[in-house]
Amino acid sequence: MPRLDLDVFLEARAQPIGRLTRFDDGALAFAYLTDTLPHPLSLSLPLREEPFGDAVTRAFFSNLLFENAQREQILQRYRLDWSDIVGQLEHLGADCPGAISCVPVGAGPAKMPGDLATDYDALDADDLTRIMVSLRDRRRLPEDTRDPSPLAGVQGKVALTQLPDGRFALPKRGLNVPTTHILKVPRPSEMALVRQEHVLMSLMRGMQRHPVAETAMLGEGDLQGLLVTRFDRMCDGGVVHRIHQEDFAQALGLGPHLKYQRNNSDSRRFGARSMGELLAQTANPGRARQAFLEVTLVNLLLGNTDNHAKNHALLYTGPRPVLAPVYDVAPVLIDREVTHQLAFDIGRAQMTDEIAAADLEDFILSLGFPRFTPALRKRLIEIVQATVVQIAPMRGPSLKPLGDAMAEQAGWLAQALEVAIEIPERDGLIINRP
């Protein structure tokens with residue numbers, strides 16, 4: 001395997017900020033080429049002169065590659081091994097997620113800001129319908145429609161840009177300019193997910209104080225989609241810019257397969273203590289810690305036990321990152337085909353019904369709180385009470401399962417908080433254990 005070097009760029013910078021290398025023996029390394037950056041590429045890759053070794057380099061850059069059809073085509077076409085991260089990024093790195101691009105040495109920057117007046121082709125209603133039908137039925141775009149941005153996840157998705165007049169658009173061919181929204185279209189049998197996810201995102205927004213990505217429902221009947229506003233974009237004077245971000249897996253130096261605590265066995269894992277250390281490095285650690293705790297509690301109350309390391313992110317708007325808005329709240333508990341084990345342990349508990357008062361306190365202290373104060377306990381009880389108020393209105397085929405899950409979860413978390421809360425009686429849920 002011959003040596004391969006790639007230039008690593010951030011959007012709007014004319015010169016590469018770093019060099020990604022695959023050596024003859026397959027080992028990887030990353031080195032910064034400048035000391036003038038406003039922030040590091042990652043908390044796991046702090047600014048320094050010395051190159052980073054294989055483990056941390058592989059962990060960060062492997063998270064830029066999604067398990068999708070485009071990646072499979074590249075692996076087969078160029079006969080690349082799955083572990084050859086740099087070889088894959090040579091072909092896919094110009095379009096990797098976020099503000100980063102990885103391109104052959106000397107190729108120049110791959111990503112640029114987008115002018116809403118000149119850099120996008122508007123879609124009419126028929127175009128949008130055709131895209132949504134293809135995503136629903138085949139989980140991919142129509143053959144004659146270019147994919148403007150890679151997206152992870154099991155649902156059919158497309159990245160779109162919304163123009164000032166409200167129309168949606170795709171970047172003009174040959175331009176690697178930012179999109180502003182993500183449109184998710186589920187399979188016909190899962191169409192209820194659109195309303196369910198929209199409702200859960202709205203509840204998340206109202207039950208805690210941290211920002212939540214805006215969502216809207218498009219379409220009706222058997223063709224619906226959830227439109228999500230991207231939080232890593234900024235529009236200034238009609239020009240769209242990408243904001244650098246990284247998910248928690250990258251920030252913690254974990255490969256994509258280690259996004260759940262249960263897949264880790266050593267100290268470098270997605271757990272409460274490591275997340276507390278990560279949050280301590282943000283621009284406002286106290287605010288980030290409180291936000292993460294409240295978001296975690298609301299996720300559990302809403303039945304989202306899949307809040308893994310790639311469903312949390314950091315935004316780089318200054319030298320130190322901030323906790324990104326909430327962007328993925330799914331009704332996992334109503335899916336009886338998957339495990340309901342928590343993405344990370346709460347104390348010793350791996351399932352919601354196992355959380356005891358001591359587990360909750362241990363989790364809070366591990367996140368970095370000096371102690372579990374009465375005021376903090378009161379705040380968490382308020383969140384549970386706010387959830388209970390929302391249970392009764394959850395009726396009908398798509399919303400009743402959400403209400404059932406919320407009642408189930410609220411009961412266990414009220415018990416962990418050692419508080420008596422009257423919870424509406426609902427049908428029981430089957431909890432899938434690993």
# chains A, B, ... in the order shown; residues from 1 in each chain; ligands from 1

call {"tool": "residues_around", "arguments": {"residues": "range 221-238 of chain A", "least_positions_apart": "5", "cutoff": "8 Å", "atoms": "only C-alpha atoms", "output": "PyMOL selection string"}}
result
chain A and resi 98+115-117+132-133+136+178+180-186+188+191+194-195+197-198+213-216+243-245+315+324-325

call {"tool": "residues_around", "arguments": {"residues": "Asn63 in chain A", "least_positions_apart": "3", "cutoff": "9 Å", "atoms": "only C-alpha atoms", "output": "ChimeraX atom specification"}}
result
/A:58-60,66,247,249-250,254-256,310

call {"tool": "closest_atom_pairs", "arguments": {"of": "range 138-233 of chain A", "to": "range 118-126 of chain A", "cutoff": "8 Å", "atoms": "only C-alpha atoms", "output": "JSON lines"}}
result
{"residue": "A:Thr161", "atom": "CA", "partner": "A:Tyr120", "partner_atom": "CA", "distance": 7.9}
{"residue": "A:Leu163", "atom": "CA", "partner": "A:Ala122", "partner_atom": "CA", "distance": 7.9}
{"residue": "A:Arg167", "atom": "CA", "partner": "A:Ala122", "partner_atom": "CA", "distance": 6.6}
{"residue": "A:Phe168", "atom": "CA", "partner": "A:Leu123", "partner_atom": "CA", "distance": 5.7}
{"residue": "A:Ala169", "atom": "CA", "partner": "A:Ala122", "partner_atom": "CA", "distance": 4.1}
{"residue": "A:Leu170", "atom": "CA", "partner": "A:Asp121", "partner_atom": "CA", "distance": 5.4}
{"residue": "A:Pro171", "atom": "CA", "partner": "A:Tyr120", "partner_atom": "CA", "distance": 4.3}
{"residue": "A:Lys172", "atom": "CA", "partner": "A:Tyr120", "partner_atom": "CA", "distance": 4.9}
{"residue": "A:Leu175", "atom": "CA", "partner": "A:Asp119", "partner_atom": "CA", "distance": 7.3}
{"residue": "A:Val177", "atom": "CA", "partner": "A:Asp119", "partner_atom": "CA", "distance": 7.5}

call {"tool": "write_last_selection", "arguments": {"atoms": "C-alpha atoms", "output": "mmCIF file, in the first residue's frame"}}
result
data_model
loop_
_atom_site.group_PDB
_atom_site.id
_atom_site.type_symbol
_atom_site.label_atom_id
_atom_site.label_comp_id
_atom_site.auth_asym_id
_atom_site.auth_seq_id
_atom_site.Cartn_x
_atom_site.Cartn_y
_atom_site.Cartn_z
ATOM 1 C CA THR A 161 -31.272 24.857 0.325
ATOM 2 C CA LEU A 163 -34.143 30.338 -1.111
ATOM 3 C CA ARG A 167 -38.580 27.656 -2.741
ATOM 4 C CA PHE A 168 -36.165 24.787 -2.282
ATOM 5 C CA ALA A 169 -33.089 24.364 -4.429
ATOM 6 C CA LEU A 170 -30.014 22.230 -5.084
ATOM 7 C CA PRO A 171 -26.480 23.562 -5.616
ATOM 8 C CA LYS A 172 -25.630 24.158 -9.267
ATOM 9 C CA LEU A 175 -20.420 23.930 -7.077
ATOM 10 C CA VAL A 177 -21.785 25.150 -1.749
#

call {"tool": "closest_residue", "arguments": {"among": "A:Gln15, A:Asn176, A:Ser189, A:Asn432", "to": "Gly114 in chain A", "atoms": "only C-alpha atoms"}}
result
A:Asn176

call {"tool": "closest_residue", "arguments": {"among": "A:Asp345, A:Asp306, A:Glu90, A:Glu246", "to": "Asp328 in chain A", "atoms": "only C-alpha atoms"}}
result
A:Asp306

call {"tool": "closest_atom_pairs", "arguments": {"of": "range 335-408 of chain A", "to": "range 270-278 of chain A", "cutoff": "7 Å", "atoms": "only C-alpha atoms", "output": "Markdown table"}}
result
| residue | atom | partner | partner_atom | distance |
| --- | --- | --- | --- | --- |
| A:Phe344 | CA | A:Gly271 | CA | 5.7 |
| A:Asp345 | CA | A:Gly271 | CA | 6.8 |
| A:Phe363 | CA | A:Ala272 | CA | 6.2 |
| A:Ser366 | CA | A:Arg273 | CA | 4.8 |
| A:Leu367 | CA | A:Gly276 | CA | 4.0 |
| A:Gly368 | CA | A:Gly276 | CA | 5.3 |

call {"tool": "closest_residue", "arguments": {"among": "A:Glu11, A:Asp5, A:Glu294, A:Glu143", "to": "Ile85 in chain A", "atoms": "only C-alpha atoms"}}
result
A:Asp5

call {"tool": "closest_residue", "arguments": {"among": "A:Phe292, A:Tyr78, A:Tyr327, A:Phe61", "to": "Pro97 in chain A", "atoms": "only C-alpha atoms"}}
result
A:Phe61

call {"tool": "closest_residue", "arguments": {"among": "A:Ile364, A:Leu6, A:Ala27, A:Leu128", "to": "Arg377 in chain A", "atoms": "only C-alpha atoms"}}
result
A:Ile364

call {"tool": "select_by_dssp", "arguments": {"residues": "range 102-246 of chain A", "states": "strand (DSSP E)", "output": "JSON, numbers by chain"}}
result
{"A": [102, 103, 104, 114, 115, 120, 121, 122, 156, 157, 158, 159, 160, 161, 162, 168, 169, 170, 171, 181, 182, 183, 184, 185, 215, 216, 217, 218, 219, 220, 223, 224, 225, 226, 227, 228, 229, 233, 234, 235, 236, 239, 240, 241, 242, 245, 246]}

call {"tool": "write_last_selection", "arguments": {"atoms": "N, CA and C atoms", "output": "short mmCIF file (atom, residue, chain, number, x, y, z; two decimals), in the first residue's frame"}}
result
data_model
loop_
_atom_site.label_atom_id
_atom_site.label_comp_id
_atom_site.auth_asym_id
_atom_site.auth_seq_id
_atom_site.Cartn_x
_atom_site.Cartn_y
_atom_site.Cartn_z
N CYS A 102 -11.31 16.88 2.39
CA CYS A 102 -10.03 16.17 2.28
C CYS A 102 -9.81 15.87 0.80
N VAL A 103 -8.78 16.46 0.21
CA VAL A 103 -8.59 16.37 -1.24
C VAL A 103 -7.13 16.06 -1.56
N PRO A 104 -6.85 15.57 -2.78
CA PRO A 104 -5.45 15.32 -3.16
C PRO A 104 -4.60 16.58 -3.01
N GLY A 114 -22.00 29.75 -0.34
CA GLY A 114 -22.96 29.76 -1.44
C GLY A 114 -23.76 31.05 -1.52
N ASP A 115 -23.81 31.63 -2.70
CA ASP A 115 -24.61 32.83 -2.95
C ASP A 115 -26.02 32.39 -3.33
N TYR A 120 -27.54 28.33 -6.92
CA TYR A 120 -28.49 27.23 -6.70
C TYR A 120 -29.53 27.17 -7.81
N ASP A 121 -30.00 25.95 -8.10
CA ASP A 121 -31.08 25.73 -9.05
C ASP A 121 -32.36 25.43 -8.28
N ALA A 122 -33.38 26.26 -8.50
CA ALA A 122 -34.64 26.09 -7.77
C ALA A 122 -35.37 24.83 -8.24
N GLY A 156 -34.55 7.67 4.05
CA GLY A 156 -34.14 8.36 2.85
C GLY A 156 -34.05 9.85 3.13
N LYS A 157 -32.94 10.48 2.72
CA LYS A 157 -32.72 11.89 3.04
C LYS A 157 -32.13 12.61 1.85
N VAL A 158 -32.35 13.91 1.82
CA VAL A 158 -31.69 14.77 0.85
C VAL A 158 -31.40 16.11 1.52
N ALA A 159 -30.26 16.69 1.18
CA ALA A 159 -29.91 18.02 1.67
C ALA A 159 -30.40 19.05 0.66
N LEU A 160 -31.10 20.05 1.14
CA LEU A 160 -31.68 21.09 0.28
C LEU A 160 -31.28 22.47 0.80
N THR A 161 -31.45 23.46 -0.07
CA THR A 161 -31.27 24.86 0.33
C THR A 161 -32.59 25.58 0.13
N GLN A 162 -32.99 26.37 1.12
CA GLN A 162 -34.20 27.16 0.97
C GLN A 162 -33.83 28.57 0.54
N PHE A 168 -37.34 25.60 -2.58
CA PHE A 168 -36.17 24.79 -2.28
C PHE A 168 -35.31 24.66 -3.54
N ALA A 169 -34.03 24.39 -3.31
CA ALA A 169 -33.09 24.36 -4.43
C ALA A 169 -31.96 23.40 -4.12
N LEU A 170 -31.23 23.02 -5.19
CA LEU A 170 -30.01 22.23 -5.08
C LEU A 170 -28.85 23.06 -5.60
N PRO A 171 -27.64 22.84 -5.08
CA PRO A 171 -26.48 23.56 -5.62
C PRO A 171 -26.31 23.32 -7.10
N HIS A 181 -31.02 22.88 4.74
CA HIS A 181 -32.02 22.01 5.37
C HIS A 181 -31.76 20.55 5.01
N ILE A 182 -32.32 19.66 5.81
CA ILE A 182 -32.33 18.23 5.52
C ILE A 182 -33.78 17.77 5.47
N LEU A 183 -34.13 17.05 4.41
CA LEU A 183 -35.48 16.51 4.26
C LEU A 183 -35.41 15.00 4.42
N LYS A 184 -36.12 14.48 5.42
CA LYS A 184 -36.15 13.04 5.70
C LYS A 184 -37.51 12.48 5.28
N VAL A 185 -37.50 11.43 4.45
CA VAL A 185 -38.74 10.81 3.98
C VAL A 185 -38.70 9.33 4.33
N THR A 215 -38.05 22.18 13.00
CA THR A 215 -38.57 21.17 12.07
C THR A 215 -39.92 21.62 11.51
N ALA A 216 -40.27 21.07 10.36
CA ALA A 216 -41.56 21.32 9.74
C ALA A 216 -41.96 20.08 8.96
N MET A 217 -43.26 19.87 8.83
CA MET A 217 -43.76 18.72 8.07
C MET A 217 -44.11 19.16 6.65
N LEU A 218 -43.67 18.38 5.67
CA LEU A 218 -44.00 18.63 4.27
C LEU A 218 -44.84 17.49 3.73
N GLY A 219 -45.79 17.80 2.85
CA GLY A 219 -46.61 16.77 2.22
C GLY A 219 -47.76 16.32 3.08
N GLU A 220 -48.45 15.28 2.61
CA GLU A 220 -49.61 14.76 3.33
C GLU A 220 -49.85 13.32 2.90
N LEU A 223 -47.30 10.47 1.44
CA LEU A 223 -46.05 11.08 1.02
C LEU A 223 -45.77 12.31 1.89
N GLN A 224 -45.01 12.09 2.95
CA GLN A 224 -44.68 13.16 3.88
C GLN A 224 -43.18 13.14 4.17
N GLY A 225 -42.68 14.28 4.56
CA GLY A 225 -41.28 14.38 4.92
C GLY A 225 -41.10 15.34 6.08
N LEU A 226 -40.04 15.13 6.85
CA LEU A 226 -39.70 16.02 7.95
C LEU A 226 -38.55 16.91 7.50
N LEU A 227 -38.79 18.21 7.49
CA LEU A 227 -37.79 19.19 7.09
C LEU A 227 -37.09 19.71 8.34
N VAL A 228 -35.76 19.56 8.39
CA VAL A 228 -34.97 19.97 9.55
C VAL A 228 -34.02 21.09 9.13
N THR A 229 -34.07 22.19 9.85
CA THR A 229 -33.15 23.30 9.58
C THR A 229 -31.77 22.96 10.12
N ARG A 233 -25.10 26.08 9.88
CA ARG A 233 -25.11 27.01 8.76
C ARG A 233 -25.36 28.42 9.26
N MET A 234 -24.83 29.40 8.53
CA MET A 234 -25.05 30.81 8.85
C MET A 234 -25.26 31.55 7.54
N CYS A 235 -26.30 32.36 7.47
CA CYS A 235 -26.57 33.15 6.27
C CYS A 235 -26.31 34.62 6.58
N ASP A 236 -25.45 35.23 5.79
CA ASP A 236 -25.06 36.62 6.01
C ASP A 236 -25.09 37.35 4.67
N VAL A 239 -25.50 35.13 1.59
CA VAL A 239 -24.45 34.14 1.38
C VAL A 239 -24.49 33.13 2.53
N VAL A 240 -24.52 31.84 2.18
CA VAL A 240 -24.60 30.78 3.17
C VAL A 240 -23.19 30.26 3.48
N HIS A 241 -22.86 30.15 4.75
CA HIS A 241 -21.56 29.65 5.19
C HIS A 241 -21.76 28.40 6.05
N ARG A 242 -20.83 27.47 5.97
CA ARG A 242 -20.80 26.33 6.88
C ARG A 242 -20.11 26.74 8.18
N GLN A 245 -18.24 21.92 12.80
CA GLN A 245 -18.81 21.18 13.92
C GLN A 245 -18.22 19.78 13.94
N GLU A 246 -18.28 19.16 15.08
CA GLU A 246 -17.88 17.76 15.21
C GLU A 246 -18.83 17.06 16.17
#

call {"tool": "closest_residue", "arguments": {"among": "A:Asn304, A:Gln281, A:Thr34, A:Thr352", "to": "Gln196 in chain A", "atoms": "only C-alpha atoms"}}
result
A:Asn304

call {"tool": "select_by_dssp", "arguments": {"residues": "range 90-246 of chain A", "states": "alpha helix (DSSP H)", "output": "count of residues only"}}
result
33

call {"tool": "atom_distance", "arguments": {"atom1": "CA of Val56 in chain A", "atom2": "CA of Gly18 in chain A"}}
result
14.7 Å

call {"tool": "residues_around", "arguments": {"residues": "Asp359 in chain A", "least_positions_apart": "5", "cutoff": "7 Å", "atoms": "only C-alpha atoms", "output": "list in words"}}
result
Ile346, Gly347, Arg348 and Ala349 of chain A

call {"tool": "atom_distance", "arguments": {"atom1": "CA of Gly396 in chain A", "atom2": "CA of Ile131 in chain A"}}
result
29.0 Å
